Amino acid sequence: MNCDRNKEIPLDMWEQLLKYIPTKEEVQSLNDIESDPDAVASLNRADDFFFQAVSIYHYEERIKAVNFRKKFEERIKNITPKIRALIKASTEVVKSEKLKNILTLILGFGNYFNFGKRGNATGFKLETLPKICDTKSTDNQLTLLVYLVETVELIFPEMDTFMEELPHVPMAAKVALAELKSDVSELQVGHRTLIKEIDHMIKNPHLKGAGTFKTEFNDFVKEIKGTMEDLEQLMGDMKKKYTLATSHFAETSSVEPETFFGYFNNFILQYNDAKDLLAKKNGTKKKN
């Protein structure tokens with residue numbers, strides 16, 4: 001087994017090989033007939049494949065090593081942008097002055113419309129943002145959000161582009177954190193397992209294929225060392241920035257990014273819809 005050094009076997013075939021690794025029971029059964037040439041000769045094609053596979057030392061570990069190497073770059077390309085999006089979005093929602101001013105204006109409107117009912121609120125939970133924006137006027141014609149947009153456009157036009165300070169929020173709102181952590185953990189486990197297998201081969205140079213495995217994968221591990229270190233650093237940075245962002249808005253760090261950044265992303269979408277509605281309304285007035 002030459003570790004597919006020439007990359008002749010496609011990834012999907014390696015994945016199939018990984019699915020059909022012989023179980024311990026199958027290995028034992030095949031080992032029992034190893035000394036019987038007639039039994040070996042009578043094996044069907046599938047059993048003969050398994051028989052050949054179990055004859056390769058650390059067959060499962062080698063298959064996993066090749067799969068790890070083949071999928072490594074693709075996994076990194078899939079994982080890294082998600083982590084970076086969470087880091088940048090976490091920083092954006094905390095540092096955006098325009099967002100802060102928009103939320104302050106919403107709070108002020110809320111206190112004005114509820115004057116004498118619930119007292120003067122000093123803040124509101126993000127989960128109530130959609131409800132606040134859907135609050136309708138006494139004549140049931142306008143929502144608070146449309147009124148907000150109108151006020152911003154007329155009095156605070158510099159705040160109207162607040163979403164431009166939150167460019168990574170839409171992508172961050174699509175990140176499933178549990179899945180992301182699982183993908184990173186899988187990479188880290190695969191990396192440690194590969195290093196352990198290389199060390200085993202180095203300590204047992206007499207084993208068939210040990211030299212080839214060590215040469216092929218030792219170089220690979222050296223190549224990805226910096227990438228794995230960067231990944232670990234990014235995850236630490238993401239956790240720190242995300243915890244800071246959720247705390248800044250009085251949310252727990254356990255809230256999912258899809259939920260947390262979803263509040264802001266949905267508000268941006270609703271705000272833009274309200275701008276369109278207001279533009280149509282004003283256009284109709286001009287025609288009349």
# chains A, B, ... in the order shown; residues from 1 in each chain; ligands from 1
call {"tool": "residues_around", "arguments": {"residues": "A:Gln188", "least_positions_apart": "4", "cutoff": "10 Å", "atoms": "only C-alpha atoms", "output": "PyMOL selection string"}}
result
chain A and resi 182-184+192-194+228+231-232
call {"tool": "select_by_dssp", "arguments": {"residues": "stretch 71-206 of chain A", "states": "helix (DSSP H, G or I)", "output": "VMD selection string"}}
result
chain A and resid 71 to 95 97 to 113 126 to 134 144 to 155 157 to 159 162 to 165 169 to 172 177 to 203
call {"tool": "closest_residue", "arguments": {"among": "A:Glu127, A:Asp219, A:Glu92, A:Glu73", "to": "A:Val169", "atoms": "only C-alpha atoms"}}
result
A:Glu92
call {"tool": "residues_around", "arguments": {"residues": "A:Lys125", "least_positions_apart": "2", "cutoff": "12 Å", "atoms": "only C-alpha atoms", "output": "tab-separated table (two decimals) with N, CA, C and O atoms, in the first residue's frame"}}
result
chain	number	residue	atom	x	y	z
A	103	LEU	N	-30.19	51.33	17.89
A	103	LEU	CA	-30.82	50.62	19.01
A	103	LEU	C	-31.24	51.60	20.10
A	103	LEU	O	-32.28	51.41	20.75
A	106	ILE	N	-34.43	53.16	18.97
A	106	ILE	CA	-35.55	52.22	19.15
A	106	ILE	C	-35.99	52.22	20.61
A	106	ILE	O	-37.19	52.24	20.92
A	107	LEU	N	-35.01	52.22	21.51
A	107	LEU	CA	-35.32	52.24	22.94
A	107	LEU	C	-36.08	53.51	23.30
A	107	LEU	O	-37.07	53.47	24.05
A	121	ALA	N	-37.55	52.23	30.45
A	121	ALA	CA	-36.61	51.11	30.30
A	121	ALA	C	-35.23	51.64	29.96
A	121	ALA	O	-35.06	52.64	29.27
A	122	THR	N	-34.20	50.97	30.47
A	122	THR	CA	-32.81	51.35	30.18
A	122	THR	C	-32.21	50.47	29.08
A	122	THR	O	-31.06	50.67	28.68
A	123	GLY	N	-32.99	49.50	28.64
A	123	GLY	CA	-32.50	48.62	27.59
A	123	GLY	C	-33.58	47.61	27.23
A	123	GLY	O	-34.66	47.61	27.82
A	127	GLU	N	-34.12	39.59	21.70
A	127	GLU	CA	-35.23	38.74	21.25
A	127	GLU	C	-36.53	39.51	21.10
A	127	GLU	O	-37.45	39.07	20.41
A	128	THR	N	-36.60	40.69	21.74
A	128	THR	CA	-37.81	41.50	21.63
A	128	THR	C	-37.74	42.47	20.45
A	128	THR	O	-38.72	43.15	20.15
A	129	LEU	N	-36.59	42.53	19.78
A	129	LEU	CA	-36.40	43.46	18.67
A	129	LEU	C	-37.47	43.30	17.57
A	129	LEU	O	-38.05	44.29	17.13
A	130	PRO	N	-37.75	42.07	17.12
A	130	PRO	CA	-38.79	41.91	16.09
A	130	PRO	C	-40.16	42.41	16.55
A	130	PRO	O	-40.91	43.01	15.77
A	131	LYS	N	-40.49	42.16	17.83
A	131	LYS	CA	-41.79	42.58	18.36
A	131	LYS	C	-41.89	44.10	18.42
A	131	LYS	O	-42.92	44.69	18.09
A	132	ILE	N	-40.79	44.72	18.84
A	132	ILE	CA	-40.77	46.18	18.93
A	132	ILE	C	-40.98	46.79	17.55
A	132	ILE	O	-41.76	47.72	17.36
A	246	THR	N	-21.68	38.62	22.98
A	246	THR	CA	-22.94	38.20	23.61
A	246	THR	C	-23.13	38.88	24.96
A	246	THR	O	-24.23	39.31	25.32
A	247	SER	N	-22.04	39.01	25.71
A	247	SER	CA	-22.10	39.67	27.01
A	247	SER	C	-22.44	41.15	26.85
A	247	SER	O	-23.20	41.72	27.65
A	248	HIS	N	-21.92	41.77	25.80
A	248	HIS	CA	-22.16	43.19	25.51
A	248	HIS	C	-23.66	43.46	25.33
A	248	HIS	O	-24.15	44.53	25.70
A	249	PHE	N	-24.38	42.47	24.79
A	249	PHE	CA	-25.81	42.63	24.56
A	249	PHE	C	-26.65	41.83	25.57
A	249	PHE	O	-27.80	41.49	25.31
A	250	ALA	N	-26.02	41.55	26.73
A	250	ALA	CA	-26.71	40.87	27.85
A	250	ALA	C	-27.26	39.50	27.46
A	250	ALA	O	-28.31	39.08	27.95
A	251	GLU	N	-26.53	38.80	26.58
A	251	GLU	CA	-26.89	37.44	26.21
A	251	GLU	C	-25.86	36.48	26.79
A	251	GLU	O	-24.71	36.87	27.05
A	252	THR	N	-26.22	35.22	26.98
A	252	THR	CA	-25.25	34.25	27.46
A	252	THR	C	-24.42	33.75	26.28
A	252	THR	O	-24.88	33.73	25.14
A	260	PHE	N	-28.14	34.55	17.77
A	260	PHE	CA	-27.59	35.86	18.15
A	260	PHE	C	-27.42	36.79	16.96
A	260	PHE	O	-27.97	37.91	16.94
A	263	TYR	N	-30.66	37.87	15.06
A	263	TYR	CA	-31.41	39.05	15.49
A	263	TYR	C	-31.02	40.26	14.65
A	263	TYR	O	-31.88	41.01	14.16
call {"tool": "closest_residue", "arguments": {"among": "A:Glu153, A:Glu229, A:Glu258, A:Glu216", "to": "A:Leu177", "atoms": "only C-alpha atoms"}}
result
A:Glu258
call {"tool": "closest_residue", "arguments": {"among": "A:Gly211, A:His191, A:Lys70, A:Lys196", "to": "A:Ile224", "atoms": "only C-alpha atoms"}}
result
A:His191
call {"tool": "decode", "arguments": {"residues": "stretch 129-172 of chain A", "atoms": "N, CA and C atoms", "output": "PDB file, in the first residue's frame"}}
result
ATOM      1  N   LEU A 129     -36.591  42.532  19.778  1.00  0.00           N
ATOM      2  CA  LEU A 129     -36.404  43.464  18.669  1.00  0.00           C
ATOM      3  C   LEU A 129     -37.465  43.304  17.575  1.00  0.00           C
ATOM      4  N   PRO A 130     -37.753  42.068  17.121  1.00  0.00           N
ATOM      5  CA  PRO A 130     -38.791  41.912  16.086  1.00  0.00           C
ATOM      6  C   PRO A 130     -40.165  42.406  16.550  1.00  0.00           C
ATOM      7  N   LYS A 131     -40.486  42.159  17.825  1.00  0.00           N
ATOM      8  CA  LYS A 131     -41.794  42.575  18.357  1.00  0.00           C
ATOM      9  C   LYS A 131     -41.888  44.100  18.417  1.00  0.00           C
ATOM     10  N   ILE A 132     -40.786  44.721  18.843  1.00  0.00           N
ATOM     11  CA  ILE A 132     -40.769  46.183  18.932  1.00  0.00           C
ATOM     12  C   ILE A 132     -40.980  46.794  17.552  1.00  0.00           C
ATOM     13  N   CYS A 133     -40.270  46.222  16.578  1.00  0.00           N
ATOM     14  CA  CYS A 133     -40.347  46.755  15.219  1.00  0.00           C
ATOM     15  C   CYS A 133     -41.705  46.517  14.570  1.00  0.00           C
ATOM     16  N   ASP A 134     -42.414  45.489  15.032  1.00  0.00           N
ATOM     17  CA  ASP A 134     -43.732  45.183  14.462  1.00  0.00           C
ATOM     18  C   ASP A 134     -44.859  45.949  15.154  1.00  0.00           C
ATOM     19  N   THR A 135     -44.531  46.668  16.229  1.00  0.00           N
ATOM     20  CA  THR A 135     -45.539  47.448  16.946  1.00  0.00           C
ATOM     21  C   THR A 135     -46.167  48.482  16.014  1.00  0.00           C
ATOM     22  N   LYS A 136     -47.481  48.509  15.950  1.00  0.00           N
ATOM     23  CA  LYS A 136     -48.166  49.412  15.019  1.00  0.00           C
ATOM     24  C   LYS A 136     -48.658  50.687  15.693  1.00  0.00           C
ATOM     25  N   SER A 137     -48.828  51.708  14.892  1.00  0.00           N
ATOM     26  CA  SER A 137     -49.328  52.989  15.383  1.00  0.00           C
ATOM     27  C   SER A 137     -50.804  52.846  15.758  1.00  0.00           C
ATOM     28  N   THR A 138     -51.323  53.871  16.427  1.00  0.00           N
ATOM     29  CA  THR A 138     -52.720  53.805  16.886  1.00  0.00           C
ATOM     30  C   THR A 138     -53.705  53.677  15.732  1.00  0.00           C
ATOM     31  N   ASP A 139     -53.361  54.233  14.569  1.00  0.00           N
ATOM     32  CA  ASP A 139     -54.274  54.115  13.420  1.00  0.00           C
ATOM     33  C   ASP A 139     -54.017  52.841  12.616  1.00  0.00           C
ATOM     34  N   ASN A 140     -53.060  52.037  13.125  1.00  0.00           N
ATOM     35  CA  ASN A 140     -52.778  50.735  12.517  1.00  0.00           C
ATOM     36  C   ASN A 140     -52.208  50.830  11.085  1.00  0.00           C
ATOM     37  N   GLN A 141     -51.704  52.012  10.740  1.00  0.00           N
ATOM     38  CA  GLN A 141     -51.220  52.238   9.386  1.00  0.00           C
ATOM     39  C   GLN A 141     -49.716  51.986   9.253  1.00  0.00           C
ATOM     40  N   LEU A 142     -48.975  52.353  10.276  1.00  0.00           N
ATOM     41  CA  LEU A 142     -47.521  52.237  10.221  1.00  0.00           C
ATOM     42  C   LEU A 142     -46.983  51.398  11.370  1.00  0.00           C
ATOM     43  N   THR A 143     -45.859  50.754  11.129  1.00  0.00           N
ATOM     44  CA  THR A 143     -45.180  50.044  12.215  1.00  0.00           C
ATOM     45  C   THR A 143     -44.118  50.965  12.786  1.00  0.00           C
ATOM     46  N   LEU A 144     -43.654  50.626  13.977  1.00  0.00           N
ATOM     47  CA  LEU A 144     -42.602  51.418  14.616  1.00  0.00           C
ATOM     48  C   LEU A 144     -41.351  51.424  13.737  1.00  0.00           C
ATOM     49  N   LEU A 145     -41.118  50.319  13.030  1.00  0.00           N
ATOM     50  CA  LEU A 145     -39.933  50.231  12.183  1.00  0.00           C
ATOM     51  C   LEU A 145     -39.995  51.230  11.034  1.00  0.00           C
ATOM     52  N   VAL A 146     -41.165  51.358  10.413  1.00  0.00           N
ATOM     53  CA  VAL A 146     -41.324  52.323   9.312  1.00  0.00           C
ATOM     54  C   VAL A 146     -41.133  53.744   9.851  1.00  0.00           C
ATOM     55  N   TYR A 147     -41.686  54.000  11.019  1.00  0.00           N
ATOM     56  CA  TYR A 147     -41.524  55.309  11.651  1.00  0.00           C
ATOM     57  C   TYR A 147     -40.055  55.561  11.968  1.00  0.00           C
ATOM     58  N   LEU A 148     -39.365  54.517  12.416  1.00  0.00           N
ATOM     59  CA  LEU A 148     -37.937  54.602  12.715  1.00  0.00           C
ATOM     60  C   LEU A 148     -37.151  54.971  11.453  1.00  0.00           C
ATOM     61  N   VAL A 149     -37.433  54.259  10.366  1.00  0.00           N
ATOM     62  CA  VAL A 149     -36.745  54.510   9.102  1.00  0.00           C
ATOM     63  C   VAL A 149     -36.982  55.946   8.644  1.00  0.00           C
ATOM     64  N   GLU A 150     -38.228  56.395   8.751  1.00  0.00           N
ATOM     65  CA  GLU A 150     -38.580  57.751   8.334  1.00  0.00           C
ATOM     66  C   GLU A 150     -37.827  58.785   9.165  1.00  0.00           C
ATOM     67  N   THR A 151     -37.735  58.534  10.458  1.00  0.00           N
ATOM     68  CA  THR A 151     -37.030  59.450  11.363  1.00  0.00           C
ATOM     69  C   THR A 151     -35.543  59.497  11.038  1.00  0.00           C
ATOM     70  N   VAL A 152     -34.976  58.315  10.798  1.00  0.00           N
ATOM     71  CA  VAL A 152     -33.550  58.228  10.473  1.00  0.00           C
ATOM     72  C   VAL A 152     -33.250  58.971   9.175  1.00  0.00           C
ATOM     73  N   GLU A 153     -34.074  58.735   8.161  1.00  0.00           N
ATOM     74  CA  GLU A 153     -33.843  59.372   6.855  1.00  0.00           C
ATOM     75  C   GLU A 153     -33.961  60.894   6.921  1.00  0.00           C
ATOM     76  N   LEU A 154     -34.879  61.386   7.756  1.00  0.00           N
ATOM     77  CA  LEU A 154     -35.120  62.825   7.825  1.00  0.00           C
ATOM     78  C   LEU A 154     -34.194  63.552   8.802  1.00  0.00           C
ATOM     79  N   ILE A 155     -33.890  62.900   9.924  1.00  0.00           N
ATOM     80  CA  ILE A 155     -33.163  63.590  10.993  1.00  0.00           C
ATOM     81  C   ILE A 155     -31.743  63.056  11.213  1.00  0.00           C
ATOM     82  N   PHE A 156     -31.608  61.728  11.072  1.00  0.00           N
ATOM     83  CA  PHE A 156     -30.291  61.112  11.325  1.00  0.00           C
ATOM     84  C   PHE A 156     -29.808  60.311  10.104  1.00  0.00           C
ATOM     85  N   PRO A 157     -29.665  60.950   8.952  1.00  0.00           N
ATOM     86  CA  PRO A 157     -29.308  60.218   7.730  1.00  0.00           C
ATOM     87  C   PRO A 157     -27.979  59.463   7.810  1.00  0.00           C
ATOM     88  N   GLU A 158     -27.073  59.931   8.672  1.00  0.00           N
ATOM     89  CA  GLU A 158     -25.779  59.252   8.812  1.00  0.00           C
ATOM     90  C   GLU A 158     -25.923  57.853   9.417  1.00  0.00           C
ATOM     91  N   MET A 159     -27.059  57.588  10.080  1.00  0.00           N
ATOM     92  CA  MET A 159     -27.296  56.287  10.696  1.00  0.00           C
ATOM     93  C   MET A 159     -27.923  55.295   9.721  1.00  0.00           C
ATOM     94  N   ASP A 160     -28.380  55.791   8.588  1.00  0.00           N
ATOM     95  CA  ASP A 160     -29.142  54.966   7.647  1.00  0.00           C
ATOM     96  C   ASP A 160     -28.313  53.839   7.029  1.00  0.00           C
ATOM     97  N   THR A 161     -27.010  53.955   7.095  1.00  0.00           N
ATOM     98  CA  THR A 161     -26.133  52.935   6.502  1.00  0.00           C
ATOM     99  C   THR A 161     -25.475  52.070   7.579  1.00  0.00           C
ATOM    100  N   PHE A 162     -26.155  51.889   8.702  1.00  0.00           N
ATOM    101  CA  PHE A 162     -25.578  51.120   9.809  1.00  0.00           C
ATOM    102  C   PHE A 162     -25.181  49.705   9.396  1.00  0.00           C
ATOM    103  N   MET A 163     -25.937  49.131   8.439  1.00  0.00           N
ATOM    104  CA  MET A 163     -25.649  47.756   8.014  1.00  0.00           C
ATOM    105  C   MET A 163     -24.297  47.626   7.309  1.00  0.00           C
ATOM    106  N   GLU A 164     -23.776  48.737   6.811  1.00  0.00           N
ATOM    107  CA  GLU A 164     -22.462  48.712   6.158  1.00  0.00           C
ATOM    108  C   GLU A 164     -21.348  48.478   7.166  1.00  0.00           C
ATOM    109  N   GLU A 165     -21.643  48.707   8.435  1.00  0.00           N
ATOM    110  CA  GLU A 165     -20.660  48.441   9.491  1.00  0.00           C
ATOM    111  C   GLU A 165     -20.765  47.004  10.001  1.00  0.00           C
ATOM    112  N   LEU A 166     -21.684  46.226   9.403  1.00  0.00           N
ATOM    113  CA  LEU A 166     -21.909  44.840   9.845  1.00  0.00           C
ATOM    114  C   LEU A 166     -21.820  43.870   8.662  1.00  0.00           C
ATOM    115  N   PRO A 167     -20.773  43.960   7.844  1.00  0.00           N
ATOM    116  CA  PRO A 167     -20.701  43.145   6.624  1.00  0.00           C
ATOM    117  C   PRO A 167     -20.627  41.637   6.829  1.00  0.00           C
ATOM    118  N   HIS A 168     -20.131  41.193   7.998  1.00  0.00           N
ATOM    119  CA  HIS A 168     -19.970  39.754   8.228  1.00  0.00           C
ATOM    120  C   HIS A 168     -21.118  39.132   9.022  1.00  0.00           C
ATOM    121  N   VAL A 169     -22.071  39.964   9.432  1.00  0.00           N
ATOM    122  CA  VAL A 169     -23.211  39.451  10.216  1.00  0.00           C
ATOM    123  C   VAL A 169     -24.059  38.433   9.444  1.00  0.00           C
ATOM    124  N   PRO A 170     -24.386  38.691   8.163  1.00  0.00           N
ATOM    125  CA  PRO A 170     -25.203  37.703   7.432  1.00  0.00           C
ATOM    126  C   PRO A 170     -24.579  36.306   7.396  1.00  0.00           C
ATOM    127  N   MET A 171     -23.266  36.230   7.153  1.00  0.00           N
ATOM    128  CA  MET A 171     -22.610  34.923   7.104  1.00  0.00           C
ATOM    129  C   MET A 171     -22.550  34.293   8.493  1.00  0.00           C
ATOM    130  N   ALA A 172     -22.250  35.115   9.512  1.00  0.00           N
ATOM    131  CA  ALA A 172     -22.174  34.608  10.884  1.00  0.00           C
ATOM    132  C   ALA A 172     -23.512  34.041  11.341  1.00  0.00           C
TER     133      ALA A 172
END
